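File shown here: query05.cif, holding mmCIF, N, CA and C atoms.
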```cif
data_work
#
loop_
_atom_site.label_atom_id
_atom_site.label_comp_id
_atom_site.auth_asym_id
_atom_site.auth_seq_id
_atom_site.Cartn_x
_atom_site.Cartn_y
_atom_site.Cartn_z
N MET A 180 2.11 25.36 -3.97
CA MET A 180 3.33 25.27 -3.19
C MET A 180 4.12 24.07 -3.66
N ASN A 181 5.38 24.24 -3.84
CA ASN A 181 6.26 23.17 -4.29
C ASN A 181 6.53 22.23 -3.12
N SER A 182 6.47 20.91 -3.38
CA SER A 182 6.68 19.96 -2.30
C SER A 182 8.12 19.96 -1.81
N SER A 183 9.06 20.46 -2.63
CA SER A 183 10.44 20.52 -2.17
C SER A 183 10.65 21.65 -1.17
N ALA A 184 9.71 22.59 -1.06
CA ALA A 184 9.83 23.69 -0.10
C ALA A 184 9.49 23.23 1.31
N VAL A 185 8.80 22.11 1.45
CA VAL A 185 8.44 21.58 2.76
C VAL A 185 9.62 20.74 3.27
N PRO A 186 10.08 20.98 4.48
CA PRO A 186 11.19 20.18 5.02
C PRO A 186 10.83 18.70 5.06
N GLN A 187 11.80 17.87 4.75
CA GLN A 187 11.56 16.44 4.71
C GLN A 187 11.19 15.93 6.11
N GLY A 188 10.15 15.14 6.16
CA GLY A 188 9.70 14.56 7.41
C GLY A 188 8.64 15.36 8.13
N LEU A 189 8.36 16.57 7.70
CA LEU A 189 7.37 17.40 8.39
C LEU A 189 5.95 16.89 8.13
N VAL A 190 5.62 16.57 6.89
CA VAL A 190 4.27 16.07 6.57
C VAL A 190 4.03 14.72 7.22
N PRO A 191 4.96 13.74 7.11
CA PRO A 191 4.71 12.47 7.80
C PRO A 191 4.56 12.62 9.32
N LEU A 192 5.34 13.50 9.92
CA LEU A 192 5.21 13.73 11.36
C LEU A 192 3.82 14.28 11.69
N GLY A 193 3.36 15.26 10.91
CA GLY A 193 2.03 15.81 11.13
C GLY A 193 0.93 14.79 10.92
N VAL A 194 1.09 13.95 9.89
CA VAL A 194 0.09 12.92 9.63
C VAL A 194 0.05 11.92 10.78
N VAL A 195 1.21 11.49 11.26
CA VAL A 195 1.24 10.50 12.35
C VAL A 195 0.63 11.09 13.63
N LEU A 196 1.02 12.30 14.00
CA LEU A 196 0.49 12.89 15.22
C LEU A 196 -1.02 13.15 15.13
N THR A 197 -1.45 13.69 14.00
CA THR A 197 -2.88 13.95 13.82
C THR A 197 -3.67 12.65 13.76
N GLY A 198 -3.12 11.66 13.07
CA GLY A 198 -3.80 10.37 12.95
C GLY A 198 -3.95 9.65 14.28
N VAL A 199 -2.91 9.66 15.10
CA VAL A 199 -3.00 9.01 16.41
C VAL A 199 -4.00 9.76 17.29
N ALA A 200 -4.00 11.08 17.22
CA ALA A 200 -4.98 11.86 17.99
C ALA A 200 -6.40 11.55 17.52
N PHE A 201 -6.60 11.42 16.20
CA PHE A 201 -7.93 11.09 15.70
C PHE A 201 -8.33 9.67 16.09
N ALA A 202 -7.37 8.73 16.05
CA ALA A 202 -7.67 7.35 16.46
C ALA A 202 -8.11 7.32 17.92
N PHE A 203 -7.45 8.12 18.75
CA PHE A 203 -7.84 8.20 20.16
C PHE A 203 -9.24 8.81 20.30
N ALA A 204 -9.47 9.91 19.61
CA ALA A 204 -10.77 10.60 19.73
C ALA A 204 -11.91 9.75 19.21
N SER A 205 -11.68 9.01 18.13
CA SER A 205 -12.76 8.20 17.58
C SER A 205 -12.99 6.92 18.37
N SER A 206 -12.04 6.54 19.23
CA SER A 206 -12.17 5.32 20.02
C SER A 206 -12.84 5.54 21.37
N ILE A 207 -13.15 6.77 21.70
CA ILE A 207 -13.82 7.06 22.97
C ILE A 207 -15.33 7.09 22.72
N VAL A 208 -16.05 6.29 23.50
CA VAL A 208 -17.51 6.23 23.37
C VAL A 208 -18.15 6.48 24.73
N PRO A 209 -19.35 7.05 24.74
CA PRO A 209 -20.06 7.24 26.02
C PRO A 209 -20.42 5.89 26.64
N HIS A 210 -20.42 5.84 27.94
CA HIS A 210 -20.73 4.60 28.64
C HIS A 210 -21.70 4.93 29.77
N PHE A 211 -22.65 4.02 30.02
CA PHE A 211 -23.68 4.31 31.01
C PHE A 211 -23.15 4.27 32.44
N ASP A 212 -22.14 3.46 32.69
CA ASP A 212 -21.59 3.32 34.04
C ASP A 212 -20.52 4.37 34.32
N ALA A 213 -19.58 4.46 33.41
CA ALA A 213 -18.53 5.48 33.51
C ALA A 213 -18.88 6.59 32.53
N ALA A 214 -18.21 7.68 32.62
CA ALA A 214 -18.52 8.78 31.71
C ALA A 214 -18.20 8.40 30.27
N HIS A 215 -17.02 7.85 30.03
CA HIS A 215 -16.62 7.43 28.69
C HIS A 215 -15.77 6.18 28.80
N ARG A 216 -15.65 5.48 27.66
CA ARG A 216 -14.87 4.26 27.64
C ARG A 216 -13.99 4.28 26.39
N LEU A 217 -12.75 3.83 26.52
CA LEU A 217 -11.83 3.76 25.39
C LEU A 217 -11.92 2.36 24.79
N LEU A 218 -12.23 2.29 23.50
CA LEU A 218 -12.28 1.01 22.80
C LEU A 218 -10.85 0.67 22.37
N ALA A 219 -10.31 -0.40 22.93
CA ALA A 219 -8.89 -0.72 22.72
C ALA A 219 -8.60 -1.18 21.29
N LEU A 220 -9.47 -1.96 20.70
CA LEU A 220 -9.20 -2.49 19.36
C LEU A 220 -9.14 -1.39 18.29
N PRO A 221 -10.13 -0.52 18.19
CA PRO A 221 -10.00 0.55 17.19
C PRO A 221 -8.81 1.47 17.44
N PHE A 222 -8.52 1.75 18.70
CA PHE A 222 -7.37 2.60 19.01
C PHE A 222 -6.07 1.91 18.65
N GLY A 223 -5.94 0.65 18.98
CA GLY A 223 -4.72 -0.09 18.67
C GLY A 223 -4.48 -0.24 17.18
N VAL A 224 -5.53 -0.53 16.43
CA VAL A 224 -5.39 -0.67 14.98
C VAL A 224 -5.11 0.68 14.34
N GLY A 225 -5.70 1.74 14.87
CA GLY A 225 -5.42 3.08 14.36
C GLY A 225 -3.98 3.50 14.60
N VAL A 226 -3.46 3.20 15.78
CA VAL A 226 -2.06 3.51 16.08
C VAL A 226 -1.14 2.67 15.19
N ALA A 227 -1.50 1.40 14.98
CA ALA A 227 -0.70 0.53 14.10
C ALA A 227 -0.68 1.07 12.67
N LEU A 228 -1.81 1.62 12.20
CA LEU A 228 -1.87 2.19 10.86
C LEU A 228 -0.84 3.31 10.71
N TYR A 229 -0.81 4.23 11.66
CA TYR A 229 0.10 5.36 11.54
C TYR A 229 1.54 4.98 11.88
N GLY A 230 1.73 3.95 12.68
CA GLY A 230 3.08 3.43 12.89
C GLY A 230 3.63 2.81 11.62
N LEU A 231 2.80 2.04 10.94
CA LEU A 231 3.22 1.45 9.66
C LEU A 231 3.44 2.53 8.61
N TYR A 232 2.60 3.56 8.62
CA TYR A 232 2.81 4.66 7.68
C TYR A 232 4.14 5.36 7.94
N GLY A 233 4.49 5.53 9.20
CA GLY A 233 5.77 6.16 9.52
C GLY A 233 6.94 5.39 8.95
N VAL A 234 6.88 4.08 9.00
CA VAL A 234 7.94 3.24 8.43
C VAL A 234 7.94 3.36 6.91
N VAL A 235 6.76 3.28 6.30
CA VAL A 235 6.66 3.37 4.84
C VAL A 235 7.11 4.74 4.35
N ALA A 236 6.75 5.79 5.05
CA ALA A 236 7.12 7.15 4.63
C ALA A 236 8.63 7.35 4.67
N ALA A 237 9.31 6.63 5.55
CA ALA A 237 10.77 6.75 5.61
C ALA A 237 11.45 6.00 4.46
N LEU A 238 10.74 5.05 3.86
CA LEU A 238 11.35 4.20 2.83
C LEU A 238 11.03 4.62 1.40
N VAL A 239 10.01 5.44 1.21
CA VAL A 239 9.61 5.84 -0.15
C VAL A 239 10.04 7.29 -0.39
N PRO A 240 10.04 7.74 -1.65
CA PRO A 240 10.36 9.15 -1.92
C PRO A 240 9.39 10.09 -1.19
N GLN A 241 9.87 11.29 -0.90
CA GLN A 241 9.09 12.24 -0.10
C GLN A 241 7.73 12.56 -0.71
N SER A 242 7.68 12.79 -2.01
CA SER A 242 6.40 13.18 -2.63
C SER A 242 5.38 12.05 -2.52
N LEU A 243 5.82 10.81 -2.72
CA LEU A 243 4.91 9.67 -2.61
C LEU A 243 4.46 9.50 -1.16
N GLY A 244 5.39 9.61 -0.21
CA GLY A 244 5.03 9.47 1.20
C GLY A 244 4.07 10.55 1.67
N ASP A 245 4.30 11.79 1.22
CA ASP A 245 3.41 12.88 1.62
C ASP A 245 2.00 12.68 1.07
N ARG A 246 1.91 12.37 -0.23
CA ARG A 246 0.58 12.16 -0.83
C ARG A 246 -0.14 10.98 -0.20
N LEU A 247 0.59 9.90 0.04
CA LEU A 247 -0.02 8.71 0.63
C LEU A 247 -0.52 9.02 2.04
N GLY A 248 0.27 9.72 2.83
CA GLY A 248 -0.14 10.05 4.19
C GLY A 248 -1.35 10.95 4.24
N LEU A 249 -1.38 11.96 3.39
CA LEU A 249 -2.54 12.85 3.37
C LEU A 249 -3.80 12.13 2.89
N ARG A 250 -3.64 11.22 1.92
CA ARG A 250 -4.79 10.43 1.47
C ARG A 250 -5.31 9.53 2.59
N ILE A 251 -4.41 8.85 3.28
CA ILE A 251 -4.82 7.93 4.35
C ILE A 251 -5.48 8.70 5.49
N LEU A 252 -4.89 9.81 5.89
CA LEU A 252 -5.48 10.60 6.97
C LEU A 252 -6.85 11.12 6.57
N GLY A 253 -6.99 11.63 5.36
CA GLY A 253 -8.30 12.13 4.90
C GLY A 253 -9.36 11.04 4.86
N LEU A 254 -8.99 9.87 4.35
CA LEU A 254 -9.96 8.76 4.30
C LEU A 254 -10.31 8.27 5.69
N HIS A 255 -9.32 8.21 6.59
CA HIS A 255 -9.59 7.75 7.95
C HIS A 255 -10.53 8.71 8.67
N VAL A 256 -10.27 10.00 8.54
CA VAL A 256 -11.13 10.98 9.20
C VAL A 256 -12.54 10.95 8.61
N ALA A 257 -12.64 10.93 7.29
CA ALA A 257 -13.96 10.92 6.65
C ALA A 257 -14.76 9.68 7.04
N MET A 258 -14.14 8.52 6.95
CA MET A 258 -14.88 7.30 7.29
C MET A 258 -15.17 7.21 8.78
N GLY A 259 -14.25 7.67 9.62
CA GLY A 259 -14.49 7.65 11.06
C GLY A 259 -15.64 8.54 11.47
N VAL A 260 -15.68 9.73 10.91
CA VAL A 260 -16.77 10.66 11.24
C VAL A 260 -18.10 10.12 10.73
N LEU A 261 -18.12 9.58 9.52
CA LEU A 261 -19.36 9.02 8.98
C LEU A 261 -19.83 7.82 9.78
N LEU A 262 -18.91 6.97 10.21
CA LEU A 262 -19.30 5.81 11.01
C LEU A 262 -19.83 6.22 12.37
N ARG A 263 -19.16 7.17 13.01
CA ARG A 263 -19.62 7.60 14.33
C ARG A 263 -20.99 8.26 14.26
N ALA A 264 -21.28 8.91 13.14
CA ALA A 264 -22.55 9.62 13.00
C ALA A 264 -23.70 8.70 12.57
N SER A 265 -23.39 7.58 11.97
CA SER A 265 -24.46 6.81 11.35
C SER A 265 -24.69 5.42 11.93
N ILE A 266 -23.82 4.90 12.76
CA ILE A 266 -23.96 3.52 13.23
C ILE A 266 -24.30 3.51 14.72
N ASP A 267 -25.05 2.50 15.10
CA ASP A 267 -25.39 2.29 16.50
C ASP A 267 -24.11 2.16 17.33
N PRO A 268 -24.02 2.85 18.46
CA PRO A 268 -22.78 2.81 19.26
C PRO A 268 -22.37 1.41 19.70
N ARG A 269 -23.31 0.47 19.76
CA ARG A 269 -22.95 -0.88 20.16
C ARG A 269 -22.17 -1.61 19.08
N MET A 270 -22.32 -1.20 17.82
CA MET A 270 -21.63 -1.86 16.72
C MET A 270 -20.42 -1.08 16.22
N VAL A 271 -20.13 0.06 16.81
CA VAL A 271 -19.12 0.95 16.26
C VAL A 271 -17.70 0.39 16.44
N ALA A 272 -17.46 -0.41 17.45
CA ALA A 272 -16.09 -0.89 17.72
C ALA A 272 -15.53 -1.70 16.56
N GLY A 273 -16.30 -2.61 16.04
CA GLY A 273 -15.83 -3.44 14.93
C GLY A 273 -15.60 -2.64 13.66
N TRP A 274 -16.51 -1.75 13.37
CA TRP A 274 -16.37 -0.94 12.16
C TRP A 274 -15.21 0.03 12.26
N LEU A 275 -15.00 0.62 13.44
CA LEU A 275 -13.88 1.54 13.60
C LEU A 275 -12.54 0.82 13.55
N ALA A 276 -12.51 -0.46 13.88
CA ALA A 276 -11.27 -1.23 13.75
C ALA A 276 -11.06 -1.68 12.31
N LEU A 277 -12.15 -1.88 11.57
CA LEU A 277 -12.04 -2.34 10.19
C LEU A 277 -11.49 -1.25 9.27
N VAL A 278 -11.85 0.00 9.53
CA VAL A 278 -11.41 1.11 8.67
C VAL A 278 -9.89 1.22 8.61
N PRO A 279 -9.17 1.29 9.74
CA PRO A 279 -7.71 1.37 9.65
C PRO A 279 -7.09 0.10 9.06
N ALA A 280 -7.70 -1.05 9.31
CA ALA A 280 -7.17 -2.29 8.73
C ALA A 280 -7.26 -2.24 7.20
N LEU A 281 -8.37 -1.76 6.68
CA LEU A 281 -8.51 -1.63 5.22
C LEU A 281 -7.55 -0.57 4.67
N LEU A 282 -7.34 0.50 5.43
CA LEU A 282 -6.39 1.53 4.98
C LEU A 282 -4.96 1.02 5.00
N MET A 283 -4.62 0.11 5.93
CA MET A 283 -3.29 -0.50 5.90
C MET A 283 -3.11 -1.33 4.63
N ALA A 284 -4.14 -2.11 4.29
CA ALA A 284 -4.07 -2.91 3.07
C ALA A 284 -3.96 -2.00 1.85
N TYR A 285 -4.70 -0.90 1.83
CA TYR A 285 -4.62 0.05 0.72
C TYR A 285 -3.22 0.64 0.61
N MET A 286 -2.65 1.05 1.75
CA MET A 286 -1.33 1.67 1.73
C MET A 286 -0.27 0.70 1.22
N LEU A 287 -0.30 -0.52 1.72
CA LEU A 287 0.70 -1.50 1.29
C LEU A 287 0.53 -1.86 -0.18
N ALA A 288 -0.71 -1.96 -0.65
CA ALA A 288 -0.95 -2.25 -2.06
C ALA A 288 -0.49 -1.09 -2.93
N ASP A 289 -0.73 0.13 -2.50
CA ASP A 289 -0.32 1.30 -3.28
C ASP A 289 1.20 1.36 -3.39
N VAL A 290 1.89 1.13 -2.30
CA VAL A 290 3.36 1.16 -2.34
C VAL A 290 3.89 0.00 -3.16
N TYR A 291 3.29 -1.17 -3.04
CA TYR A 291 3.73 -2.33 -3.80
C TYR A 291 3.55 -2.12 -5.30
N LEU A 292 2.43 -1.55 -5.70
CA LEU A 292 2.17 -1.33 -7.12
C LEU A 292 3.04 -0.23 -7.70
N ARG A 293 3.53 0.67 -6.88
CA ARG A 293 4.40 1.76 -7.36
C ARG A 293 5.88 1.47 -7.15
N ARG A 294 6.24 0.27 -6.77
CA ARG A 294 7.60 -0.03 -6.37
C ARG A 294 8.62 0.18 -7.47
N GLY A 295 8.26 0.06 -8.73
CA GLY A 295 9.22 0.23 -9.81
C GLY A 295 9.21 1.61 -10.44
N GLN A 296 8.38 2.50 -9.93
CA GLN A 296 8.26 3.82 -10.53
C GLN A 296 9.16 4.82 -9.83
N VAL A 297 9.73 5.72 -10.59
CA VAL A 297 10.57 6.77 -10.05
C VAL A 297 9.81 8.07 -10.19
N THR A 298 9.70 8.84 -9.11
CA THR A 298 8.97 10.10 -9.14
C THR A 298 9.90 11.20 -9.65
N LEU A 299 9.46 11.90 -10.69
CA LEU A 299 10.25 13.01 -11.25
C LEU A 299 9.83 14.31 -10.59
N GLY A 300 10.61 15.35 -10.77
CA GLY A 300 10.37 16.62 -10.11
C GLY A 300 9.12 17.33 -10.56
N ASP A 301 8.64 17.11 -11.79
CA ASP A 301 7.47 17.85 -12.29
C ASP A 301 6.16 17.10 -12.07
N GLY A 302 6.19 16.01 -11.31
CA GLY A 302 4.95 15.30 -11.02
C GLY A 302 4.69 14.14 -11.96
N ASP A 303 5.41 14.02 -13.06
CA ASP A 303 5.25 12.88 -13.95
C ASP A 303 5.97 11.69 -13.38
N GLU A 304 5.48 10.50 -13.72
CA GLU A 304 6.12 9.30 -13.22
C GLU A 304 6.60 8.47 -14.39
N ALA A 305 7.77 7.92 -14.26
CA ALA A 305 8.33 7.07 -15.30
C ALA A 305 8.63 5.70 -14.69
N THR A 306 8.67 4.70 -15.54
CA THR A 306 8.97 3.36 -15.03
C THR A 306 10.38 2.98 -15.36
#
```

Could I get this file's structure written as structure tokens?
Amino acid sequence: MNSSAVPQGLVPLGVVLTGVAFAFASSIVPHFDAAHRLLALPFGVGVALYGLYGVVAALVPQSLGDRLGLRILGLHVAMGVLLRASIDPRMVAGWLALVPALLMAYMLADVYLRRGQVTLGDGDEAT
């Protein structure tokens, strides 16, 4: 499918909505006193990640923003699921907050390193 066939802003909107929903779902943990508890730090950092992505996606070319958003969402979901499945629930809050923070650093570094490149229609990049 050609990326120009997708309306501009549709992929970033889907990434932001799906990412915030995943940040919420991964921040809920079982609690012995209440049924579940929302961990504020992982949820807040996850929302900040997708808020920052929304700003970056508006400033970069569509193809770069779409690829970056899908990469970030895929990495966030994969690492979140692996962390929830493999780590003791008492330690999960710190690790779930670290994942979006590292993805923010990755996103900003990726955009910074590509700042002088122009994306061509056939997928090649020129400087």

Handout entry: Test item: the PyMOL selection byres (((chain A and resi 238-255 and name CA) around 7) and name CA) resolved as a PyMOL selection string
Key = chain A and resi 182+187+190-191+194+198+234-237+256-259+278-279+282

Exercise for the section: Once DSSP has gone over the backbone, tell me which residues of region 184-265 of chain A are in strand (DSSP E), as an NGL selection string. Expected result: :A and (207-209 or 215-217)

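Note that CA of Tyr229 (chain A) and CA of Ile266 (chain A) are 24.2 Å apart.
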
Handout entry: Atomic separation - CA of Leu218 (chain A) relative to atom C of Ser206 (chain A), Å
Key =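 So the answer is 4.8 Å.
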
Practice task
Taking the file above as input, evaluate the PyMOL selection byres (((chain A and resi 267-271 and name CA) around 10) and name CA) and report the hits as a ChimeraX atom specification.
Solution key: /A:205-206,208-210,218,221,259,262-266,272-277

Could you give me the axis-aligned bounding box of region 210-226 of chain A, with 8 Å of padding per side, as centre plus edge lengths in Å to one decimal, as JSON?
```
{"center_x": -12.4, "center_y": 3.1, "center_z": 24.3, "size_x": 38.5, "size_y": 27.3, "size_z": 36.0}
```

Exercise for the section: Work out how far apart CA of Leu287 (chain A) and CA of Leu228 (chain A) are and give it in Å to one decimal. Expected result: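 So the answer is 10.6 Å.
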
Give me region 228-239 of chain A from this structure - all heavy atoms, as a CSV table (one decimal), in the first residue's frame.
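Everything below was put into result04.csv:
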```
chain,number,residue,atom,x,y,z
A,228,LEU,N,4.9,10.3,26.3
A,228,LEU,CA,5.5,9.8,25.1
A,228,LEU,C,4.6,10.0,23.9
A,228,LEU,O,5.1,10.5,22.9
A,228,LEU,CB,5.8,8.3,25.3
A,228,LEU,CG,6.1,7.5,24.0
A,228,LEU,CD1,7.5,7.9,23.5
A,228,LEU,CD2,6.1,6.0,24.3
A,229,TYR,N,3.4,9.7,24.0
A,229,TYR,CA,2.5,9.8,22.8
A,229,TYR,C,2.1,11.3,22.6
A,229,TYR,O,1.8,11.7,21.5
A,229,TYR,CB,1.3,8.9,22.9
A,229,TYR,CG,1.8,7.5,22.8
A,229,TYR,CD1,1.9,6.7,24.0
A,229,TYR,CD2,2.2,7.0,21.6
A,229,TYR,CE1,2.3,5.4,23.9
A,229,TYR,CE2,2.7,5.7,21.5
A,229,TYR,CZ,2.7,4.9,22.7
A,229,TYR,OH,3.2,3.6,22.6
A,230,GLY,N,2.1,12.1,23.6
A,230,GLY,CA,1.9,13.6,23.4
A,230,GLY,C,3.1,14.2,22.7
A,230,GLY,O,2.9,15.0,21.7
A,231,LEU,N,4.3,13.8,23.0
A,231,LEU,CA,5.5,14.3,22.3
A,231,LEU,C,5.5,13.7,20.9
A,231,LEU,O,5.9,14.5,20.0
A,231,LEU,CB,6.7,13.8,23.1
A,231,LEU,CG,8.1,14.3,22.5
A,231,LEU,CD1,8.2,15.8,22.5
A,231,LEU,CD2,9.2,13.7,23.3
A,232,TYR,N,5.1,12.5,20.7
A,232,TYR,CA,5.0,11.9,19.4
A,232,TYR,C,4.0,12.7,18.5
A,232,TYR,O,4.3,13.0,17.3
A,232,TYR,CB,4.7,10.5,19.4
A,232,TYR,CG,4.2,10.0,18.0
A,232,TYR,CD1,5.2,9.9,17.0
A,232,TYR,CD2,2.9,9.8,17.7
A,232,TYR,CE1,4.8,9.5,15.7
A,232,TYR,CE2,2.5,9.4,16.4
A,232,TYR,CZ,3.5,9.3,15.4
A,232,TYR,OH,3.1,8.9,14.2
A,233,GLY,N,2.9,13.1,19.1
A,233,GLY,CA,1.9,13.9,18.3
A,233,GLY,C,2.5,15.2,17.8
A,233,GLY,O,2.3,15.6,16.7
A,234,VAL,N,3.3,15.9,18.7
A,234,VAL,CA,4.0,17.1,18.2
A,234,VAL,C,5.0,16.8,17.2
A,234,VAL,O,5.1,17.5,16.2
A,234,VAL,CB,4.6,17.8,19.5
A,234,VAL,CG1,5.5,19.0,19.0
A,234,VAL,CG2,3.5,18.2,20.4
A,235,VAL,N,5.8,15.8,17.4
A,235,VAL,CA,6.9,15.5,16.4
A,235,VAL,C,6.3,15.0,15.1
A,235,VAL,O,6.7,15.4,14.0
A,235,VAL,CB,7.8,14.3,17.0
A,235,VAL,CG1,8.7,13.7,15.9
A,235,VAL,CG2,8.6,14.9,18.1
A,236,ALA,N,5.2,14.3,15.1
A,236,ALA,CA,4.6,13.8,13.9
A,236,ALA,C,4.0,15.0,13.0
A,236,ALA,O,3.9,14.9,11.8
A,236,ALA,CB,3.4,12.8,14.2
A,237,ALA,N,3.6,16.1,13.7
A,237,ALA,CA,3.1,17.2,13.0
A,237,ALA,C,4.2,18.0,12.4
A,237,ALA,O,4.0,18.8,11.4
A,237,ALA,CB,2.3,18.1,14.0
A,238,LEU,N,5.5,17.9,12.8
A,238,LEU,CA,6.6,18.7,12.4
A,238,LEU,C,7.4,18.0,11.3
A,238,LEU,O,8.2,18.7,10.6
A,238,LEU,CB,7.5,19.1,13.5
A,238,LEU,CG,6.8,20.0,14.6
A,238,LEU,CD1,7.7,20.2,15.8
A,238,LEU,CD2,6.3,21.3,14.0
A,239,VAL,N,7.4,16.7,11.2
A,239,VAL,CA,8.2,15.9,10.3
A,239,VAL,C,7.4,15.5,9.1
A,239,VAL,O,6.1,15.5,9.1
A,239,VAL,CB,8.9,14.7,10.9
A,239,VAL,CG1,9.8,15.1,12.1
A,239,VAL,CG2,7.8,13.7,11.4
```
